[in-house]
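*Asks:* Have a look at this one before I ask anything.
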Amino acid sequence: MERNEKMFLRAEDVAELMEVSLPYAYKLIRQMNRELEKKGCFIMNGRIDSKFFFDHFYGTKEEVH
């Protein structure tokens, strides 16, 4: 899966990228979505904006291999 393919990542995508369990991926998404809500952004349960995800975890717009 390439980063630029999707605007939003699902929990399955996050679990695969982070090499974590699906329940933990949902937990990460909930935490990130709370941050976005505080900024006044619209969120979708079980999904996270891919740009926010990569910027949040890697501090860069480039995908880490």
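Here, A, B, ... name the chains of the structure tokens in the order displayed, residue numbers run from 1 inside each chain, and ligands are numbered from 1 in the same displayed order.
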I want to know what sits within 9 Å of segment 19-33 of chain A, based on only C-alpha atoms, with residues of the same chain fewer than 4 positions away left out; could you give that as a list in words?
*Replies:* Arg10, Ala11, Glu12, Asp13, Val14, Ala15, Glu37, Lys38, Cys41, Phe42, Ile43, Met44, Asn45, Gly46, Arg47, Ile48, Asp49, Phe52, Phe53 and His56 of chain A
*Asks:* Could you please take those selected residues and save C-alpha atoms as a PDB file, in the first residue's frame?
*Replies:*
ATOM      1  CA  ARG A  10      -8.462   2.289   7.969  1.00  0.00           C
ATOM      2  CA  ALA A  11      -7.472   0.431  11.115  1.00  0.00           C
ATOM      3  CA  GLU A  12      -6.294  -2.497   8.983  1.00  0.00           C
ATOM      4  CA  ASP A  13      -3.923  -0.142   7.123  1.00  0.00           C
ATOM      5  CA  VAL A  14      -2.553   1.321  10.359  1.00  0.00           C
ATOM      6  CA  ALA A  15      -2.069  -2.155  11.853  1.00  0.00           C
ATOM      7  CA  GLU A  37     -11.453  16.998  16.883  1.00  0.00           C
ATOM      8  CA  LYS A  38      -9.789  19.451  19.274  1.00  0.00           C
ATOM      9  CA  CYS A  41     -11.663  18.873  12.181  1.00  0.00           C
ATOM     10  CA  PHE A  42     -14.323  16.450  11.050  1.00  0.00           C
ATOM     11  CA  ILE A  43     -13.404  12.840  11.842  1.00  0.00           C
ATOM     12  CA  MET A  44     -14.603   9.385  10.832  1.00  0.00           C
ATOM     13  CA  ASN A  45     -14.541   6.591  13.399  1.00  0.00           C
ATOM     14  CA  GLY A  46     -12.113   3.836  12.486  1.00  0.00           C
ATOM     15  CA  ARG A  47     -10.284   5.983   9.919  1.00  0.00           C
ATOM     16  CA  ILE A  48      -7.537   8.570  10.062  1.00  0.00           C
ATOM     17  CA  ASP A  49      -6.384  11.175   7.570  1.00  0.00           C
ATOM     18  CA  PHE A  52      -1.964  13.496   9.582  1.00  0.00           C
ATOM     19  CA  PHE A  53      -0.955   9.902  10.320  1.00  0.00           C
ATOM     20  CA  HIS A  56       2.281  12.529  13.304  1.00  0.00           C
TER      21      HIS A  56
END
*Asks:* Within chain A, find each residue whose DSSP state, derived from the backbone, is strand (DSSP E or B), and express the selection as a ChimeraX atom specification.
*Replies:* /A:8-10,47-49
*Asks:* Please report the interatomic distance between atom CA of Gly40 of chain A and atom CA of Glu5 of chain A in Å with one decimal.
*Replies:*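 Interatomic distance, atom CA of Gly40 of chain A to atom CA of Glu5 of chain A: 25.0 Å.
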*Asks:* Write down as a VMD selection string the residues of chain A whose backbone DSSP state falls under helix (DSSP H, G or I).
*Replies:* chain A and resid 3 to 5 11 to 18 22 to 38 50 to 58
*Asks:* Of the residues A:Met18, A:Glu35, A:Gly59, A:Lys51, which is the one nearest to Lys6 of chain A, using only C-alpha atoms?
*Replies:*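 The answer is A:Lys51, which sits nearest to Lys6 of chain A.
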